[in-house]
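Chemist: Got a structure for you, questions after.
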Amino acid sequence: MSEPARKLPPVDFKAVAAAALAAADAVLSRWLPDGRRHGAEYIARNPTRDDRKPGSFSINAHTGAWMDGATGDKGGDLVALVAYLDRVKQPEAARRLAEFLRIDPVSAVPAVPRSRREKTASNDNGLHAVEAGTAPGTAAGPAVPARGPAAEDWQPLQPVPDDAPPAPARHPRKGEPVRRWEYRDAAGRLLFIVCRFERPEGGKEVQPLAWGRLRDRNGKVRTGWHWKALPAPRPLYGLDRLAARPEAPVLICEGEKAADAAGELFPGSVAITSPNGSNAAGKADWRPLAGRSCVLWPDADAPGTAYAEAVERLAEAAGARCVQWLDLRELRRTPGTDAEGRPGFEAWEAGRELADGWDAADALAEGWTAGHMAELQRQLQFLDGCLFVPTPAQRAAALAEADMQAETAGAAGPAAVAFVPHFELLEQWTEDTQGRRRGPGLYWHGCDRQGEPLAPEWISDPLHVLACTRDQRGEAWGRLLAFKDHEGRRHEWAMPMELLRSDGAELRGELLRLGLIFATGPRARQRLADYIAQERPADFARCVERTGWHGDAFVLPHRTFGEGAERVLFQAETTAGHAFSERGTLAEWRTHVAAHCIGNSRLLLAASCGFAALLLGRIGEESGGFHLRGGSSTGKTTALHVAASLFGPPGRYVQRWRATANGLEAIAVQHSDCLLILDELAQVDPKDAGEAAYLLANGQGKARAGRSGGARARASWRLLFLSAGEISLSEHMRAAGKRAHAGQEIRLADLDADAGRGFGIFEALHGRADGAALSRELSDAAGRYHGTAAPAFLSALLADLAALPGTVEALRRAWLARHLPAGASGQAHRVAGRFALVGIAGELASRYAVTGWPQGAALEAAAVCWRAWLEGRGGPGNAEPAAMLDQVRRFLLAHGEARFADLDGSDDRRTIIVNRAGFRERTPAGGWRYLIPAEGWPEVCSGFEPKAVAALLAARGCLDTEDGRTTRRERLPGLGRVRCYVVLPALWEGTDDAAA
């Protein structure tokens with residue numbers, strides 16, 4: 001007699017349906033593997049019928065309800081769905097779901113077979129723990145506690161306690177790991193460690209190491225470090241970085257090594273991964289990706305693609321804002337550098353493919369850098385391409401939607417679509433649907449009055465609008481334009497939008513100057529302006545109107561060094577006028593120009609001035625300059641050419657003093673934080689020379705009114721300037737009857753160009769016959785090799801910005817302690833500080849291997865020139881006292897005979913004294929004693945405070961005083977007893993005019 005069939009216990013349909021809904025993505029991927037998630041809807045083909053395209057069969061992943069619009073089949077939960085797909089009854093469908101979810105279909109709690117509990121290894125990297133409530137391939141929610149003693153076998157404790165001992169350095173069987181990765185929570189606390197081991201036979205093995213409580217088979221409990229994994233859901237690698245940068249894009253890779261490499265290649269993103277390899281993506285907790293923009297970097301093989309597809313679904317289910325894939329096709333390039341040392345790529349190799357399993361770590365090993373990734377994105381943007389593309393699921397959904405629309409349109413009949421006029425940008429020859437070929441260019445597709453499209457109208461060569469530009473105040477808006485001229489040379493120009501005003505003639509003129517070809521008809525010209533005005537690129541850049549330091553970026557008209565929070569560009573109505581350019585190599589400049597500076601203090605000083613100018617903005621130094629004074633053919637202009645060769649061709653870079661105030665302001669703005677070189681001081685009007693020196697050194701232009709009457713923004717700059725001329729500033733101003741103030745002479749330190757060796761400005765001829773031969777050779781070399789030293793110096797500075805102020809200050813203190821005389825005046829201290837800075841800059845350039853000069857050469861040259869300046873000035877004191885004495889002496893020398901009458905009446909002159917300044921009388925020693933009424937004293941002291949001059953003369957014993965006053969009462973012919981300033985012959989002591 002056979003046994004009766006055993007009756008199965010009733011199924012808890014409601015509990016099984018709820019558990020299935022909690023793991024909806026995993027369930028749907030298991031029963032409908034070709035489907036894709038679109039918001040709450042899961043779209044797939046219906047396998048129960050001949051369904052060729054997805055679209056009509058959809059499941060709501062939030063409620064479980066499903067429907068096939070083509071057949072009318074539908075259901076209310078996932079149990080009904082499984083029954084429908086497997087063609088079984090609901091109880092059997094519930095049991096199949098329960099088995100997949102590893103839950104008891106009766107009680108809906110995790111089912112843990114004894115055989116599973118007793119396992120000591122698994123196929124998931126040695127995982128021992130039971131993953132309660134987690135379905136394969138899904139991001140589970142909170143784990144459901146398992147029943148029975150097996151749940152207590154392994155209990156990880158997270159985070160690792162602060163007082164926990166260090167993790168073991170070796171595995172008992174596998175030895176010491178080659179790499180270790182620490183998983184941390186959002187607060188930075190250690191959760192567990194992943195270790196990588198190399199197998200003796202080859203290959204790798206990854207083993208997790210966690211802190212927790214383990215009960216062995218004998219019931220003994222040990223708390224400590226164990227080579228065991230965490231139960232699902234497991235934390236992601238990089239949670240601390242995610243929390244620290246909540247707005248940064250997220251780059252998801254397969255494996256910790258790849259994630260670390262991706263973080264180096266894309267420093268603006270947060271690179272993460274999930275633990276335990278490509279098959280365990282569903283056992284990670286992806287909820288931290290909610291609201292984040294994500295990019296998937298798949299390994300270049302089938303498992304890598306499968307992992308990325310799984311993560312895509314999990315990230316979308318977790319609420320990621322958007323998910324894209326990195327286009328591996330664009331990485332089939334060989335990284336390298338261009339002629340200027342900037343990141344670039346070697347020529348494209350046809351048919352080149354990535355190695356199987358190629359990932360971010362391989363990219364790093366092949367020489368890819370963050371600079372290469374940034375350059376690649378820039379190039380792709382220029383070509384209207386993109387490194388980040390929609391995911392395969394998004395592309396499939398777009399195709400499905402297009403197919404559905406096509407089917408709907410076909411059923412409803414052809415629909416009229418209104419033609420929309422638009423611009424089209426072609427990079428290569430193309431053929432349209434009518435067989436017409438069109439070459440590269442910008443085209444306008446217009447229509448007639450009836451809305452019918454017209455033939456495309458060529459506007460210009462390809463013209464790209466790469467970014468919107470604006471200053472830090474949100475003003476001065478512009479567009480970054482890019483195009484190629486007929487020689488294939490690429491041009492970029494940050495164009496101010498204000499050039500579109502009126503008829504745009506200035507805009508077109510600049511584009512023509514740079515080499516863009518465009519149609520010249522009135523309509524085409526307007527189309528060109530419309531295109532630039534209407535383009536809305538996604539990228540933004542900050543524009544500046546002066547060169548120099550802006551944050552951590554140094555901006556030149558043609559190039560920006562360094563990176564900030566965003567790209568910084570020089571924006572101007574035209575790029576003409578600047579002389580920054582390169583010719584030859586740095587090694588050639590070092591050999592043919594810099595080497596001849598060695599042993600020549602004035603040349604070393606001139607070249608070092610160029611390096612010092614680049615430091616001003618980083619150390620907060622004031623503007624100032626040096627003036628090389630000397631006769632014709634002493635080599636002054638050669639020194640200027642050497643200094644100019646750091647930045648560009650001397651013939652264009654060297655400016656002339658002969659300019660209006662407005663012109664000087666514009667030149668200064670174009671050389672901010674750079675070296676401004678001005679030749680021929682004598683060409684500027686003597687009346688304007690002093691004001692020009694003040695203008696350049698003060699760093700700010702004149703206040704001017706705008707068109708509306710309001711104040712315009714003042715031009716500002718910060719620079720060192722190097723000047724040359726046959727006379728000094730004070731001598732030049734004196735020709736116009738003006739006196740140079742001490743402040744002007746301090747701002748433009750006057751230095752004798754003659755080094756005193758009989759060779760003019762030179763001290764060492766380096767084997768040349770005379771100074772003229774060396775001068776000609778240097779000037780010629782500077783014209784052939786230039787513009788490379790300053791960029792090389794800037795590139796080295798960028799790696800040393802943080803330590804730069806402290807380094808310069810320490811070197812300056814040491815230099816001043818050695819060369820500044822004790823008791824030196826504040827004026828001398830300021831000039832000494834400038835000489836020191838120039839020497840330090842030259843020394844830094846030597847350390848950075850820019851110049852090839854011996855160590856200490858630049859510092860010693862600055863000291864030699866400082867001593868020459870000090871000797872020419874007459875000492876380290878303030879300049880004003882000597883100038884005051886000189887003013888009184890000059891007045892008495894000029895007018896002693898013509899405007900002073902003899903006090904005793906013995907003057908036998910028959911001429912009448914006009915505009916008398918005072919009286920004089922002979923002293924017993926034969927000198928003259930001058931009596932000047934108080935009313936005439938200000939004229940004698942012209943340019944200075946009269947009381948200060950009198951006090952100085954009295955202190956020097958040059959003034960006859962009375963009762964502690966600087967004046968005394970004297971009886972003067974025709975005036976009676978009046979107060980006078982009485983100047984004594986002691987005024988002339990120490991001069992060549994003592995007999996006056």
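Identifiers for the structure tokens are assigned positionally: chains receive A, B, ... in sequence, residues are indexed from 1 per chain, and ligands are indexed from 1 in the order shown.
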Show me, as a VMD selection string, the residues that have an atom within 10 Å of Ala792 (chain A) when counting only C-alpha atoms, minus same-chain residues fewer than 4 positions from it.

Modeler: chain A and resid 340 to 341 586 646 787 to 788 796 to 797 845 848 to 851

Chemist: Kindly save the residues from that selection, with N, CA and C atoms included, as an mmCIF file, in the first residue's frame.

Modeler:
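Contents of selection.cif, as written:
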data_model
loop_
_atom_site.group_PDB
_atom_site.id
_atom_site.type_symbol
_atom_site.label_atom_id
_atom_site.label_comp_id
_atom_site.auth_asym_id
_atom_site.auth_seq_id
_atom_site.Cartn_x
_atom_site.Cartn_y
_atom_site.Cartn_z
ATOM 1 N N GLU A 340 55.627 71.461 -26.228
ATOM 2 C CA GLU A 340 55.785 72.340 -25.073
ATOM 3 C C GLU A 340 55.684 71.583 -23.757
ATOM 4 N N GLY A 341 55.639 70.266 -23.826
ATOM 5 C CA GLY A 341 55.584 69.470 -22.610
ATOM 6 C C GLY A 341 54.200 69.320 -22.028
ATOM 7 N N LEU A 586 64.140 75.963 -24.689
ATOM 8 C CA LEU A 586 64.746 76.486 -23.466
ATOM 9 C C LEU A 586 66.240 76.191 -23.449
ATOM 10 N N LEU A 646 63.098 86.525 -22.024
ATOM 11 C CA LEU A 646 62.375 85.595 -21.156
ATOM 12 C C LEU A 646 60.934 85.440 -21.597
ATOM 13 N N GLY A 787 61.160 83.544 -25.195
ATOM 14 C CA GLY A 787 59.806 83.175 -24.773
ATOM 15 C C GLY A 787 59.680 81.841 -24.066
ATOM 16 N N THR A 788 60.789 81.153 -23.783
ATOM 17 C CA THR A 788 60.702 79.837 -23.145
ATOM 18 C C THR A 788 61.056 79.873 -21.668
ATOM 19 N N ALA A 796 57.533 75.599 -12.903
ATOM 20 C CA ALA A 796 58.199 75.140 -11.692
ATOM 21 C C ALA A 796 57.602 75.791 -10.454
ATOM 22 N N LEU A 797 57.225 77.062 -10.565
ATOM 23 C CA LEU A 797 56.634 77.763 -9.414
ATOM 24 C C LEU A 797 55.334 77.111 -8.965
ATOM 25 N N ALA A 845 65.431 80.586 -10.253
ATOM 26 C CA ALA A 845 65.455 80.126 -11.640
ATOM 27 C C ALA A 845 66.614 79.166 -11.878
ATOM 28 N N TYR A 848 65.622 75.842 -10.362
ATOM 29 C CA TYR A 848 64.625 75.165 -11.180
ATOM 30 C C TYR A 848 65.201 74.706 -12.524
ATOM 31 N N ALA A 849 66.530 74.854 -12.711
ATOM 32 C CA ALA A 849 67.207 74.433 -13.944
ATOM 33 C C ALA A 849 66.706 75.194 -15.164
ATOM 34 N N VAL A 850 66.345 76.462 -14.970
ATOM 35 C CA VAL A 850 65.888 77.281 -16.088
ATOM 36 C C VAL A 850 67.061 77.991 -16.750
ATOM 37 N N THR A 851 68.011 78.503 -15.953
ATOM 38 C CA THR A 851 69.055 79.381 -16.486
ATOM 39 C C THR A 851 70.390 78.693 -16.738
#

Chemist: Among the residues of region 521-757 of chain A, find those DSSP assigns to strand (DSSP E) from the backbone and print them as number ranges by chain.

Modeler: A: 539-544, 548-550, 553-556, 559-561, 568-570, 624-629, 655-656, 675-679, 720-725, 748-752

Chemist: Distance CA of Ile840 (chain A)-CA of Leu811 (chain A), one decimal place?

Modeler: 6.9 Å

Chemist: So what do you get for CA of Asp530 (chain A) versus CA of Trp444 (chain A), distance-wise?

Modeler: 10.5 Å

Chemist: If you measure from CA of Arg920 (chain A) to CA of Leu984 (chain A), what distance in Å do you get, rounded to one decimal?

Modeler: 10.1 Å

Chemist: What's the 8 Å shell around Gly823 (chain A), counting only C-alpha atoms, without same-chain residues fewer than 2 positions away, as a VMD selection string?

Modeler: chain A and resid 821 825 876

Chemist: Applying 8 Å and only C-alpha atoms, which residues near region 951-959 of chain A remain after dropping the ones on its own chain fewer than 2 positions away? List them as a PyMOL selection string.

Modeler: chain A and resi 881+885+947-949+961+966+981-987

Chemist: Would you kindly return, as a PyMOL selection string, each protein, DNA or RNA residue with an atom no farther than 12 Å from any atom of Ala612 (chain A), considering only C-alpha atoms and excluding same-chain residues fewer than 5 positions away?

Modeler: chain A and resi 604-607+617-619+621-625+643+646+673-676+718-722+790+793-794+797+808+833-845+858+862

Chemist: Would you pick out the contacts of Trp154 (chain A) at 10 Å or less, using only C-alpha atoms, so that residues sharing its chain but fewer than 5 positions from it are not included, and give the list as a list of chain:residue names?

Modeler: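 Contacts, with the query itself left out: A:His128, A:Ala129, A:Val130, A:Gly212, A:Arg213, A:Leu214, A:Arg215, A:Asp216, A:Val221, A:Arg222, A:Thr223, A:His226, A:Lys228, A:Ala229, A:Leu230, A:Pro231.
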
Chemist: Point out the residue among A:Glu366, A:Glu492, A:Glu510, A:Glu498 with the least atom-to-atom distance to Phe570 (chain A), counting only C-alpha atoms.

Modeler: A:Glu492

Chemist: Residues within 7 Å of Arg292 (chain A), please, as a list in words. Count only C-alpha atoms; anything in the same chain fewer than 4 positions from it doesn't count.

Modeler: Pro249, Val250, Ala320 and Arg321 of chain A

Chemist: Include N, CA, C and O atoms and write out the residues we just selected as a PDB file, in the first residue's frame.

Modeler:
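Saved the output as selection-v1.pdb:
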ATOM      1  N   PRO A 249      30.819  64.555  -8.957  1.00  0.00           N
ATOM      2  CA  PRO A 249      30.352  63.370  -9.686  1.00  0.00           C
ATOM      3  C   PRO A 249      30.993  62.113  -9.109  1.00  0.00           C
ATOM      4  O   PRO A 249      32.067  62.163  -8.509  1.00  0.00           O
ATOM      5  N   VAL A 250      30.329  60.985  -9.307  1.00  0.00           N
ATOM      6  CA  VAL A 250      30.801  59.712  -8.765  1.00  0.00           C
ATOM      7  C   VAL A 250      31.243  58.830  -9.922  1.00  0.00           C
ATOM      8  O   VAL A 250      30.489  58.617 -10.877  1.00  0.00           O
ATOM      9  N   ALA A 320      19.928  57.411  -7.939  1.00  0.00           N
ATOM     10  CA  ALA A 320      20.952  58.255  -8.560  1.00  0.00           C
ATOM     11  C   ALA A 320      20.304  59.244  -9.520  1.00  0.00           C
ATOM     12  O   ALA A 320      19.349  58.914 -10.222  1.00  0.00           O
ATOM     13  N   ARG A 321      20.831  60.456  -9.552  1.00  0.00           N
ATOM     14  CA  ARG A 321      20.241  61.489 -10.393  1.00  0.00           C
ATOM     15  C   ARG A 321      20.400  61.153 -11.866  1.00  0.00           C
ATOM     16  O   ARG A 321      19.482  61.346 -12.657  1.00  0.00           O
TER      17      ARG A 321
END
